[in-house]
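Read the structure below first, then the notes.
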Amino acid sequence: MASRIRVEQIAGSLASLVFCTYLAVIPGPFSKAGTQQPVRWNTGGSVSTTTYSELESFLVDGEVTDRALQEAIRISGWTAEELRFGLNKTYAVDLAGVSRFLYSDAGKAFLDDQTRSYVPYWRQKATAARALRAAIIADAKDGLISSIGIMKHLPVAFRLSDNGPNDGRQRVCAPDKVSGAQSTSLLSWYVFLPACIKANSEL
């Protein structure tokens with residue numbers, strides 16, 4: 001009897017170890033990647049890039065050195081200070097809960113909806129949901145997520161495009177809390193993304 005209990009205890013420990021290892025490698029092919037180009041603004045035939053360092057400079061000291069970022073702030077529906085607060089805000093999350101949600105059917109539908117016009121620069125919609133999921137999970141590994149953290153962990157360059165099937169408008173995941181430009185602008189979308197991930201991962 002004692003031997004049987006011991007075997008069950010060992011099996012339970014191994015199962016826990018396997019689960020933890022699984023969580024550590026969940027992002028898959030994107031797990032080692034990171035981009036310095038979280039936003040490439042694609043309008044008509046022109047493409048401009050806002051780098052991670054330019055975004056970080058704005059969030060840390062309010063300095064805007066990039067014209068595309070300056071325009072994005074202007075049309076976001078929020079003041080620069082409101083954006084700095086929202087994009088820097090951190091949310092405590094449980095990595096297992098975040099992973100369960102993002103890999104569920106509801107999570108997959110959420111990711112697909114949330115990458116309406118914001119997609120990887122090269123593969124576009126084909127890898128959009130996977131890439132965003134990888135960034136969210138990578139940021140959540142320390143138990144905290146934020147907009148700037150998710151941007152930092154994007155595995156590939158993303159673009160906001162109004163070409164082809166995309167119209168350059170994002171669906172902010174908290175429609176009851178926004179209006180006008182706040183409902184569709186990329187920076188507004190980023191402000192609310194971590195809060196929506198937290199709320200859904202706790203359901």
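Here, A, B, ... name the chains of the structure tokens in the order displayed, residue numbers run from 1 inside each chain, and ligands are numbered from 1 in the same displayed order.
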*asked:* I'd like the contact shell of Glu81 in chain A - 9 Å cut-off, only C-alpha atoms, skipping same-chain residues fewer than 5 positions apart - returned as a list in words.
replied: Leu59, Gly62 and Gly86 of chain A
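Minimum atom-to-atom distances from A:Pro120, A:Pro194, A:Gly97, A:Gly77 to Gly180 in chain A were compared using only C-alpha atoms, and the lowest value belongs to A:Gly77.
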_Using only C-alpha atoms: which of A:Asn166, A:Val60, A:Leu69, A:Glu82 has the shortest distance to Gln124 in chain A_ =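 Closest to Gln124 in chain A of all the choices is A:Asn166.
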*Any idea what's packed within 8 Å of Leu186 in chain A, counting only C-alpha atoms, ignoring anything in its chain fewer than 3 positions away? Could you give it as a ChimeraX atom specification?*
/A:72,76,118,160,169-170,189-190
*Non-local contacts of Ala174 in chain A (10 Å; only C-alpha atoms; under 6 positions in same chain excluded) as an MDAnalysis selection string*: chainID A and resid 183 189 192:193 195:196
For the residues in the current selection, export all heavy atoms as an mmCIF file, in the first residue's frame.
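To be explicit, this is the file written out as part01.cif:
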data_model
loop_
_atom_site.group_PDB
_atom_site.id
_atom_site.type_symbol
_atom_site.label_atom_id
_atom_site.label_comp_id
_atom_site.auth_asym_id
_atom_site.auth_seq_id
_atom_site.Cartn_x
_atom_site.Cartn_y
_atom_site.Cartn_z
ATOM 1 N N SER A 183 -12.233 54.169 -29.914
ATOM 2 C CA SER A 183 -12.774 52.835 -30.186
ATOM 3 C C SER A 183 -11.971 52.049 -31.209
ATOM 4 O O SER A 183 -12.092 50.823 -31.281
ATOM 5 C CB SER A 183 -14.221 52.959 -30.696
ATOM 6 O OG SER A 183 -15.020 53.660 -29.786
ATOM 7 N N TRP A 189 -6.275 50.825 -28.380
ATOM 8 C CA TRP A 189 -6.394 49.355 -28.322
ATOM 9 C C TRP A 189 -5.356 48.769 -27.386
ATOM 10 O O TRP A 189 -5.666 47.903 -26.560
ATOM 11 C CB TRP A 189 -6.226 48.795 -29.738
ATOM 12 C CG TRP A 189 -6.134 47.308 -29.805
ATOM 13 C CD1 TRP A 189 -7.172 46.417 -29.769
ATOM 14 C CD2 TRP A 189 -4.936 46.525 -29.910
ATOM 15 N NE1 TRP A 189 -6.682 45.131 -29.852
ATOM 16 C CE2 TRP A 189 -5.322 45.167 -29.937
ATOM 17 C CE3 TRP A 189 -3.578 46.839 -29.988
ATOM 18 C CZ2 TRP A 189 -4.400 44.128 -30.041
ATOM 19 C CZ3 TRP A 189 -2.656 45.812 -30.090
ATOM 20 C CH2 TRP A 189 -3.072 44.467 -30.110
ATOM 21 N N PHE A 192 -6.077 49.126 -23.521
ATOM 22 C CA PHE A 192 -7.063 48.234 -22.907
ATOM 23 C C PHE A 192 -6.718 46.753 -23.011
ATOM 24 O O PHE A 192 -7.280 45.933 -22.270
ATOM 25 C CB PHE A 192 -8.445 48.475 -23.535
ATOM 26 C CG PHE A 192 -9.069 49.766 -23.098
ATOM 27 C CD1 PHE A 192 -8.919 50.916 -23.869
ATOM 28 C CD2 PHE A 192 -9.771 49.843 -21.911
ATOM 29 C CE1 PHE A 192 -9.479 52.115 -23.459
ATOM 30 C CE2 PHE A 192 -10.341 51.039 -21.489
ATOM 31 C CZ PHE A 192 -10.190 52.183 -22.264
ATOM 32 N N LEU A 193 -5.819 46.375 -23.892
ATOM 33 C CA LEU A 193 -5.514 44.960 -24.111
ATOM 34 C C LEU A 193 -5.121 44.205 -22.836
ATOM 35 O O LEU A 193 -5.683 43.139 -22.552
ATOM 36 C CB LEU A 193 -4.425 44.814 -25.175
ATOM 37 C CG LEU A 193 -4.010 43.378 -25.517
ATOM 38 C CD1 LEU A 193 -5.191 42.591 -26.079
ATOM 39 C CD2 LEU A 193 -2.848 43.382 -26.514
ATOM 40 N N ALA A 195 -5.789 44.753 -19.673
ATOM 41 C CA ALA A 195 -6.926 44.633 -18.754
ATOM 42 C C ALA A 195 -7.909 43.579 -19.232
ATOM 43 O O ALA A 195 -8.461 42.805 -18.431
ATOM 44 C CB ALA A 195 -7.629 45.987 -18.619
ATOM 45 N N CYS A 196 -8.134 43.512 -20.538
ATOM 46 C CA CYS A 196 -9.043 42.505 -21.086
ATOM 47 C C CYS A 196 -8.464 41.101 -20.943
ATOM 48 O O CYS A 196 -9.200 40.145 -20.659
ATOM 49 C CB CYS A 196 -9.334 42.807 -22.559
ATOM 50 S SG CYS A 196 -10.351 44.277 -22.817
#
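If you count only C-alpha atoms and ignore residues fewer than 6 places along the chain from Ser53 in chain A, what sits within 10 Å of it is Gln36, Gln37, Pro38, Leu59 and Lys152 of chain A.
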Let's have the selection written as a short mmCIF file (atom, residue, chain, number, x, y, z; two decimals), in the first residue's frame, with C-alpha atoms.
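Saved as result.cif:
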data_model
loop_
_atom_site.label_atom_id
_atom_site.label_comp_id
_atom_site.auth_asym_id
_atom_site.auth_seq_id
_atom_site.Cartn_x
_atom_site.Cartn_y
_atom_site.Cartn_z
CA GLN A 36 12.43 46.42 -32.17
CA GLN A 37 9.67 47.38 -34.62
CA PRO A 38 6.35 46.99 -32.77
CA LEU A 59 6.49 56.46 -21.99
CA LYS A 152 8.53 44.51 -26.16
#
*How would you write, as number ranges by chain, the set of residues in range 29-156 of chain A that DSSP gives as alpha helix (DSSP H)?*
A: 52-61, 67-74, 80-88, 95-103, 105-114, 125-140, 147-152
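Minimum distance to Ala140 in chain A across A:Asp176, A:Asp94, A:Asp105, A:Asp112 (counting only C-alpha atoms) occurs at A:Asp94.
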*Determine, counting only C-alpha atoms, which protein, DNA and RNA residues have an atom within 12 Å of an atom of Ser46 in chain A; residues of the same chain fewer than 5 positions away are not included. Present the result as an NGL selection string.*
:A and (40-41 or 68 or 159-163)
*Closest of A:Tyr121, A:Thr50, A:Gly168, A:Ile136 to Gly107 in chain A - atom-to-atom distances counting only C-alpha atoms*: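 When distances to Gly107 in chain A are compared using only C-alpha atoms, the smallest one comes from A:Ile136.
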*asked:* Could you list, as a PyMOL selection string, every residue within 12 Å of Ala92 in chain A, counting only C-alpha atoms and ignoring same-chain residues fewer than 4 positions away?
replied: chain A and resi 97-98+139-146+194-195+197-199+201-202
For all heavy atoms, I'd like the residues from the last selection saved as a CSV table (one decimal), in the first residue's frame.
chain,number,residue,atom,x,y,z
A,97,GLY,N,-3.6,30.8,-16.0
A,97,GLY,CA,-4.9,31.3,-16.5
A,97,GLY,C,-4.8,32.0,-17.8
A,97,GLY,O,-5.7,31.9,-18.6
A,98,VAL,N,-3.8,32.8,-18.0
A,98,VAL,CA,-3.6,33.5,-19.3
A,98,VAL,C,-3.4,32.5,-20.4
A,98,VAL,O,-4.1,32.7,-21.5
A,98,VAL,CB,-2.4,34.5,-19.2
A,98,VAL,CG1,-2.1,35.0,-20.6
A,98,VAL,CG2,-2.7,35.6,-18.3
A,139,ASP,N,5.2,38.0,-21.9
A,139,ASP,CA,5.2,39.1,-20.9
A,139,ASP,C,4.6,38.7,-19.6
A,139,ASP,O,5.0,39.2,-18.5
A,139,ASP,CB,4.4,40.3,-21.5
A,139,ASP,CG,4.5,41.5,-20.7
A,139,ASP,OD1,5.6,41.8,-20.2
A,139,ASP,OD2,3.5,42.2,-20.5
A,140,ALA,N,3.7,37.7,-19.6
A,140,ALA,CA,3.0,37.2,-18.4
A,140,ALA,C,3.9,36.3,-17.5
A,140,ALA,O,3.4,36.0,-16.4
A,140,ALA,CB,1.7,36.6,-18.8
A,141,LYS,N,5.0,35.9,-18.0
A,141,LYS,CA,5.8,34.9,-17.2
A,141,LYS,C,6.2,35.3,-15.9
A,141,LYS,O,6.4,34.5,-15.0
A,141,LYS,CB,7.0,34.5,-18.1
A,141,LYS,CG,6.7,33.5,-19.2
A,141,LYS,CD,8.0,33.1,-19.9
A,141,LYS,CE,7.7,32.0,-21.0
A,141,LYS,NZ,8.9,31.6,-21.7
A,142,ASP,N,6.3,36.7,-15.7
A,142,ASP,CA,6.7,37.2,-14.3
A,142,ASP,C,5.5,37.5,-13.5
A,142,ASP,O,5.6,38.1,-12.4
A,142,ASP,CB,7.7,38.4,-14.4
A,142,ASP,CG,7.0,39.6,-15.1
A,142,ASP,OD1,5.8,39.4,-15.6
A,142,ASP,OD2,7.6,40.6,-15.2
A,143,GLY,N,4.3,37.2,-14.0
A,143,GLY,CA,3.1,37.5,-13.2
A,143,GLY,C,2.5,38.9,-13.4
A,143,GLY,O,1.6,39.2,-12.8
A,144,LEU,N,3.1,39.6,-14.4
A,144,LEU,CA,2.6,41.0,-14.7
A,144,LEU,C,2.6,41.2,-16.2
A,144,LEU,O,3.4,40.7,-16.9
A,144,LEU,CB,3.6,42.0,-14.0
A,144,LEU,CG,3.7,42.0,-12.5
A,144,LEU,CD1,4.9,43.0,-12.2
A,144,LEU,CD2,2.4,42.5,-11.9
A,145,ILE,N,1.6,41.9,-16.6
A,145,ILE,CA,1.5,42.3,-18.0
A,145,ILE,C,1.2,43.8,-18.2
A,145,ILE,O,0.6,44.4,-17.3
A,145,ILE,CB,0.5,41.5,-18.8
A,145,ILE,CG1,-0.9,41.7,-18.3
A,145,ILE,CG2,0.9,40.0,-18.9
A,145,ILE,CD1,-2.0,41.0,-19.1
A,146,SER,N,1.7,44.3,-19.3
A,146,SER,CA,1.4,45.7,-19.6
A,146,SER,C,1.4,45.9,-21.1
A,146,SER,O,1.9,45.0,-21.8
A,146,SER,CB,2.5,46.6,-18.9
A,146,SER,OG,3.7,46.4,-19.5
A,194,PRO,N,-4.2,44.7,-22.0
A,194,PRO,CA,-3.8,43.9,-20.8
A,194,PRO,C,-5.0,43.7,-19.8
A,194,PRO,O,-5.1,42.7,-19.2
A,194,PRO,CB,-2.7,44.8,-20.2
A,194,PRO,CG,-2.2,45.6,-21.3
A,194,PRO,CD,-3.4,45.9,-22.2
A,195,ALA,N,-5.8,44.8,-19.7
A,195,ALA,CA,-6.9,44.6,-18.8
A,195,ALA,C,-7.9,43.6,-19.2
A,195,ALA,O,-8.5,42.8,-18.4
A,195,ALA,CB,-7.6,46.0,-18.6
A,197,ILE,N,-7.2,41.0,-21.1
A,197,ILE,CA,-6.5,39.7,-20.9
A,197,ILE,C,-6.6,39.2,-19.5
A,197,ILE,O,-7.0,38.1,-19.2
A,197,ILE,CB,-5.0,39.8,-21.3
A,197,ILE,CG1,-4.8,40.0,-22.8
A,197,ILE,CG2,-4.3,38.5,-20.9
A,197,ILE,CD1,-5.3,38.9,-23.7
A,198,LYS,N,-6.4,40.1,-18.6
A,198,LYS,CA,-6.5,39.8,-17.1
A,198,LYS,C,-8.0,39.4,-16.8
A,198,LYS,O,-8.2,38.3,-16.2
A,198,LYS,CB,-6.2,41.0,-16.3
A,198,LYS,CG,-6.4,40.8,-14.8
A,198,LYS,CD,-6.0,42.0,-14.0
A,198,LYS,CE,-6.3,41.9,-12.5
A,198,LYS,NZ,-5.6,40.8,-11.8
A,199,ALA,N,-8.9,40.1,-17.3
A,199,ALA,CA,-10.3,39.8,-17.0
A,199,ALA,C,-10.7,38.5,-17.5
A,199,ALA,O,-11.4,37.6,-16.9
A,199,ALA,CB,-11.3,40.9,-17.5
A,201,SER,N,-8.8,35.9,-18.3
A,201,SER,CA,-8.0,34.8,-17.7
A,201,SER,C,-8.5,34.5,-16.4
A,201,SER,O,-8.2,33.4,-15.8
A,201,SER,CB,-6.5,35.2,-17.7
A,201,SER,OG,-6.3,36.2,-16.7
A,202,GLU,N,-9.3,35.3,-15.7
A,202,GLU,CA,-9.9,35.0,-14.4
A,202,GLU,C,-11.3,34.4,-14.4
A,202,GLU,O,-11.8,34.1,-13.4
A,202,GLU,CB,-9.9,36.3,-13.6
A,202,GLU,CG,-8.5,36.8,-13.3
A,202,GLU,CD,-8.5,38.2,-12.6
A,202,GLU,OE1,-9.5,38.8,-12.6
A,202,GLU,OE2,-7.4,38.5,-12.0
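One finds CA of Val156 in chain A at 9.6 Å from CA of Val119 in chain A.
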*To one decimal in Å, tell me the separation between CA of Thr90 in chain A and CA of Arg171 in chain A.*
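It comes out at 21.0 Å.
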*Any idea what the distance is between CA of Asn88 in chain A and CA of Thr49 in chain A?*
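If I compute the distance from CA of Asn88 in chain A to CA of Thr49 in chain A, I get 20.6 Å.
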